[in-house]
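What follows is a short report on a single structure.
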Amino acid sequence: MTRTWLAQILAVIRLEVKKTFFAKRGLWIYLLAFMPLALFVAHAIAIEYHHEARERLASRNQKPLSYQDLTSISKGMSRKEVIERLGKPPSSHSWDESEQDESGHSHVVANELYRYSDGASDLAIQFEDGTVTGTSLRESEGLGEDAVVFAGVFQFFYLRLAIFFGCLGIFMNLFRGELVDKSLHFYFLAPIRRDLLMVAKYFAGLLAATVIFVTSEALQFIALCWSFDSTVLNSYLYHGHGLAHLAAYLGITALACIGYGSLFLAAGLWFRNPILPAAVILIWEALNPFLPSVLQKISVIYYLKSLCPVEIPASPGTPAIFAMLISNPEPIAAPVAILGVILVSVAILVLSSRRVRRMEINYTTE
Amino acid sequence: MSRQITLDNVSKFYGEVLGVNRVNLSIPPGITSLVGPNGAGKTTLMNLMTGLIQPSRGTIRILGHSTDEPEKLFKLVGYSTQFDSFPKGLTGYQFLYLYLKLFGYDSRHADELAWRAIERANLTEAADRKVAAYSKGMRQRIRLAQSLAHNPRVLILDEPLNGLDPLARAEMIAMFRSLAAEGCHVILSSHILHEVDIISDQVILLSNGYVVAEGQIQDVRNEIRDEPAQILIRCDNQRQLASKLIESGLAIEVRMHQDGRGLLIKTADADHFYLALNRLVQGGLDVESVIPADDDVNSVYEYLIGTEGAAV
C-alpha cells in the first residue's frame with residue numbers, strides 16, 4: 001500500500017511541478033522572488049564601481065595615505081597644511097564665486113575641491129580662499145551595515161510580501177486553478193485517495209516554492225558578499241555569523257513556504273476568489289504584534305520573526321507602529337518556532353483533507 | 001463482491017435546484033442507456049455514480065463499493081465525461097500514461113496500457129500530438145481511451161458517440177457489445193435514440209430528475225398500458241385482413257403502413273390480439289410477418305416523456 005501511495009505521490013508531483021515551474025501565469029512569482037536579487041546585484045555593482053574609483057584615486061596620490069591621514073584634516077586648516085599632510089591632490093576642481101559682504105560690496109571667492117583616497121575611503125575637502133571650510137569622508141561600505149539592510153529586506157519585503165504572495169500564487173492554484181481550467185476531474189477519476197492527492201499537490205507546490213525562493217535567497221546572499229574582498233568575507237562567513245545567518249535565512253524561507261503554503265492551499269479549497277483570503281491573512285499577519293499573545297501564536301510570521309538572525313535596530317525617529325513591527329518582545333526558542341510552524345501547517349492540512357474528501361466537481365459554478 | 005450497481009433513494013440538489021430525486025436503481029451487467037432530454041439528470045446521475053458529486057440523500061454502491069472511496073472505485077470504474085478540458089501541454093500518449101501512473105503502475109506497465117488504449121481508440125498516429133490540437137472527435141476518442149485504459153469492469157460514458165464519424169461509432173458500439181458480453185457494466189447516455197435502441201440491453205428513462213422507467217425496452221413498453229400497442233402486419237390481402245380485424249373488435253385503429261405493404265394496427269390488449277390473430281387468419285390469409293411497431297426507445301420515450309427531444 002505504502003509503495004502504491006509513494007508511486008501515486010510521485011506521479012502527482014511530476015505533473016504538478018512541471019505545471020508550476022513553467023506556467024505562464026506564474027511568471028510574476030519569479031519576478032517577485034528575484035526582485036531583491038536585482039537590488040543586491042545593483043548594490044554590489046555600485047560598490048564595486050566605487051571601490052575601483054577609490055583605488056584609481058589612491059594610485060594617483062603623491063604619497064601613500066592612511067585612514068588616519070584622511071581623518072586628520074579639519075575645518076580652518078590652510079591649503080598649505082593640507083598639502084603638507086596629504087600631498088598634492090590626485091583630483092581637484094576649482095571655481096570662482098562672486099559674493100556680497102555685509103556692507104554690500106561684492107568680491108570674488110576662490111573655491112577649490114580636493115579629493116583624496118586611501119584606497120578604501122575617500123575624502124572631499126572644500127576650500128574657500130585657501131582655507132578648509134568643509135570635509136566629507138565617505139568610508140568604505142561595511143558588510144555589517146549591508147547585513148542589516150539585508151535583514152530588513154528579508155523581513156519586510158521578502159518574507160512578508162514576496163514569499164507570501166508567491167505562495168498565494170503557487171498554492172491557491174493547486175486546486176482552485178484546476179477548477180478554473182476545468183481539469184481537476186483528471187485527478188478525481190483516478191484511484192487515488194483525495195487526501196493523498198492533496199498531500200502530493202502540497203509537496204509539489206512546496207518543492208516549487210522552496211526551489212524558487214531559496215535559490216533567490218541564496219543568490220541574494222552571494223550578491224551581498226560579492227563586492228567585498230576575501231579578508232572581509234572570511235572574517236564574516238567563517239569567524240563571524242555569516243554562514244549561520246545564511247543557513248537561518250534559507251531555513252526561514254523554507255519554513256515560510258511550508259506555513260504560507262498550507263494556508264493558501266486551504267484557502268484555495270474554501271474560497272473562489274483568492275483576493276479575499278489573501279487580504280484577511282495579510283492583515284492578520286501584519287496585525288500580529290498588536291494581538292494578544294494567545295492569538296499571536298496562530299500565525300506564521302510570529303514564529304518566523306523569532307527565527308530571524310539579525311535584529312533590526314529601530315532608529316530614534318521611527319514611528320511607534322513601525323517600531324512594533326520591528327521589535328520582537330517575546331522571542332521564542334528556535335526549536336519551538338520551527339515546531340510551531342510545522343504544527344500550524346499540519347493542523348491546516350488535516351482540516352483541508354476533510355474538505356477535499358467532500359469536494360465536488362461542479363465547473364458551472366466556477 | 002456484488003455484481004450490481006445500486007442506487008438507493010438517491011437525491012441530489014444544487015441548492016434549490018433539483019438534480020435527481022429519489023432514484024432507486026439496480027443495474028445489472030450489460031449495456032444500460034440513460035435516456036432523457038437535456039436537464040433530465042443523466043450527467044448528474046453519472047457524476048453521482050463516480051463520486052464527482054455527493055448525493056444530498058441516499059446511498060450508491062458500485063459493485064459493493066461506496067463512491068467516496070476513489071482509491072477502490074476507480075480500479076473498477078472508467079468514466080468518460082463530457083468535460084472537454086485536459087491538463088495543459090500533454091500529448092495524447094502523455095495524457096494516458098500519466099493518468100495510468102496515478103494508479104501507481106510502474107512505467108513499463110503504464111506504457112503498455114497506454115499504447116493498448118491508444119490502439120483501441122484508433123489514435124496511434126495522433127498519440128504524439130498535443131491533445132489541445134485534437135479535433136472534437138479525437139478528443140472524444142482520447143477520453144474513451146482514458147476510461148478504458150485500465151480495463152475497468154464498469155464503464156460510464158457520457159454521450160460517448162458524440163463527435164464520432166459513422167465508422168468510429170460502429171467500432172465503439174462493437175467494443176461496448178464485446179465488453180458487455182464479457183460481463184462488464186456499460187452505462188452510457190445518448191441523445192440518439194435509434195442507436196440506444198440498437199445497443200442497449202436495458203434503458204433508464206429520466207425526466208426532470210426522476211426515473212420514469214427502467215428495464216428492457218419491451219418490458220417498459222408492456223408496462224405502458226394506457227397507450228394502445230402498435231403492431232405492423234405484412235400480408236398478401238391487406239383489405240380483407242383490415243375488415244376482419246375491425247369486425248372482430250380486436251383493433252382500435254387500422255391503417256395502411258407508409259410503405260403501402262402492410263397494416264399498422266392499434267390494439268388495447270396486445271396479448272389477446274396475438275392469440276386471436278391466429279384464428280382470424282386461418283381462412284386463407286397469408287401473413288408474412290407480425291412485428292411490434294412501438295417497442296423501441298423512441299416510442300417509449302415519446303409515450304413517457306413526450307416529444308421534447310424524442311425526434312433526435
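Residue numbers start at 1 in each chain; chains themselves are named A, B, ... in the order of the C-alpha cells; ligands are numbered from 1 in the order shown.
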For chain B, report every residue with an atom at most 6 Å from chain A (counting only C-alpha atoms), formatted as a ChimeraX atom specification. /B:52-53,70-71,74-75,85-87,101-104
Close residues, stretch 153-168 of chain A itself excluded, 7 Å, only C-alpha atoms, min 5 positions apart in chain, as a PyMOL selection string
chain A and resi 29+32-33+209+257+260-261+264
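The neighbours of B:Pro292 here are the residues that come within 9 Å of it, using only C-alpha atoms and leaving out any residue fewer than 5 positions away in the same chain; they are Ala229, Gln230, Ile231, Leu232 and Ile233 of chain B.
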Could you name the residues that touch B:Ala181 at 10 Å or less, counting only C-alpha atoms, but leaving out those on the same chain fewer than 4 positions away, as a list in words? Pro29, Gly30, Ile31, Met175, Phe176, Arg177 and His185 of chain B
Got time to write the residues from that selection, C-alpha atoms, as a compact mmCIF listing (two decimals), in the first residue's frame?
```txt
# COMPACT_ATOMS: atom_id res chain seq x y z
CA PRO B 29 -24.13 -6.14 -16.21
CA GLY B 30 -24.69 -5.34 -19.88
CA ILE B 31 -25.31 -2.15 -21.78
CA MET B 175 -16.48 -2.62 -28.47
CA PHE B 176 -19.27 -1.82 -25.96
CA ARG B 177 -21.06 -5.01 -27.02
CA HIS B 185 -21.34 -2.89 -16.99
```
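The smallest atom-to-atom distance between B:Asp259 and any of B:Lys136, B:His65, B:Arg234, B:Lys244, using only C-alpha atoms, is found for B:Arg234.
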Select from stretch 6-218 of chain A everything DSSP, run on the backbone, classes as alpha helix (DSSP H), then give the selection as a count of residues only. 116
Enter the distance from atom CA of B:Arg120 to atom CA of B:Gly89, in Å, rounded to one decimal.
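According to the coordinates, atom CA of B:Arg120 and atom CA of B:Gly89 are separated by 23.0 Å.
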> When you draw a straight line from atom CA of A:Leu263 to atom CA of A:Asp195, how long is it in Å?
Replying inline: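 Interatomic distance, atom CA of A:Leu263 to atom CA of A:Asp195: 15.8 Å.
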Using only C-alpha atoms, the shortest atom-to-atom distance to A:Ala208 among A:Phe171, A:Phe221, A:Phe150, A:Tyr67 belongs to A:Phe171
(message) Env of B:Ala174: 12 Å cut, atoms = only C-alpha atoms, seq-sep filter 6 positions within chain, self excluded. Answer as a list in words.
(response) Ile31, Arg120, Leu167, Ala168, Ala180, Ala181, Glu195, Ile198, Ile199 and Ser200 of chain B
Can those selected residues be exported to a file as a PDB file, in the first residue's frame so that it contains N, CA and C atoms?
```
ATOM      1  N   ILE B  31     -25.301  -3.554 -21.360  1.00  0.00           N
ATOM      2  CA  ILE B  31     -25.311  -2.147 -21.782  1.00  0.00           C
ATOM      3  C   ILE B  31     -26.595  -1.492 -21.295  1.00  0.00           C
ATOM      4  N   ARG B 120      -6.842   0.918 -29.244  1.00  0.00           N
ATOM      5  CA  ARG B 120      -8.292   0.636 -29.209  1.00  0.00           C
ATOM      6  C   ARG B 120      -9.088   1.853 -29.658  1.00  0.00           C
ATOM      7  N   LEU B 167     -17.975   5.382 -38.945  1.00  0.00           N
ATOM      8  CA  LEU B 167     -17.127   4.199 -38.799  1.00  0.00           C
ATOM      9  C   LEU B 167     -16.685   4.042 -37.339  1.00  0.00           C
ATOM     10  N   ALA B 168     -16.255   5.159 -36.772  1.00  0.00           N
ATOM     11  CA  ALA B 168     -15.812   5.119 -35.369  1.00  0.00           C
ATOM     12  C   ALA B 168     -16.975   4.754 -34.452  1.00  0.00           C
ATOM     13  N   ALA B 180     -19.710  -5.807 -22.839  1.00  0.00           N
ATOM     14  CA  ALA B 180     -20.925  -6.267 -22.162  1.00  0.00           C
ATOM     15  C   ALA B 180     -20.994  -7.789 -22.177  1.00  0.00           C
ATOM     16  N   ALA B 181     -20.585  -8.372 -23.310  1.00  0.00           N
ATOM     17  CA  ALA B 181     -20.606  -9.833 -23.425  1.00  0.00           C
ATOM     18  C   ALA B 181     -19.632 -10.473 -22.435  1.00  0.00           C
ATOM     19  N   GLU B 195     -29.784   4.650 -31.925  1.00  0.00           N
ATOM     20  CA  GLU B 195     -28.562   3.952 -31.524  1.00  0.00           C
ATOM     21  C   GLU B 195     -28.756   3.288 -30.157  1.00  0.00           C
ATOM     22  N   ILE B 198     -30.524   0.150 -30.647  1.00  0.00           N
ATOM     23  CA  ILE B 198     -29.724  -0.936 -31.219  1.00  0.00           C
ATOM     24  C   ILE B 198     -28.812  -1.563 -30.165  1.00  0.00           C
ATOM     25  N   ILE B 199     -28.194  -0.716 -29.339  1.00  0.00           N
ATOM     26  CA  ILE B 199     -27.116  -1.258 -28.491  1.00  0.00           C
ATOM     27  C   ILE B 199     -27.529  -1.634 -27.076  1.00  0.00           C
ATOM     28  N   SER B 200     -28.678  -1.133 -26.597  1.00  0.00           N
ATOM     29  CA  SER B 200     -28.946  -1.277 -25.166  1.00  0.00           C
ATOM     30  C   SER B 200     -29.568  -2.618 -24.791  1.00  0.00           C
TER      31      SER B 200
END
```
- request: Can you pull out every residue within 7 Å of B:Leu193, counting only C-alpha atoms, but drop anything in the same chain fewer than 2 positions away, and send it as a PyMOL selection string?
  value: chain B and resi 191+195-197+297-298+312
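Separating atom CA of B:Asp269 from atom CA of B:Ala251 is a distance of 9.0 Å.
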message = List the spatial neighbours of B:Arg61 as a VMD selection string - criterion: any atom at most 9 Å away, only C-alpha atoms, same-chain residues fewer than 6 positions off excluded.
response = chain B and resid 4 to 8 49 67
Please save C-alpha atoms of the selected residues as a PDB file, in the first residue's frame.
```pdb
ATOM      1  CA  GLN B   4     -24.808  -4.860  -9.245  1.00  0.00           C
ATOM      2  CA  ILE B   5     -24.727  -1.110  -9.293  1.00  0.00           C
ATOM      3  CA  THR B   6     -27.311   0.085  -6.823  1.00  0.00           C
ATOM      4  CA  LEU B   7     -28.735   3.495  -6.092  1.00  0.00           C
ATOM      5  CA  ASP B   8     -30.914   3.593  -3.030  1.00  0.00           C
ATOM      6  CA  MET B  49     -22.075   7.123  -9.642  1.00  0.00           C
ATOM      7  CA  THR B  67     -18.415   6.242  -4.213  1.00  0.00           C
TER       8      THR B  67
END
```
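When only C-alpha atoms are used to compute distances to A:Arg355, the closest of the residues A:Gly144, A:Gly268, A:Pro313, A:Pro331 turns out to be A:Gly268.
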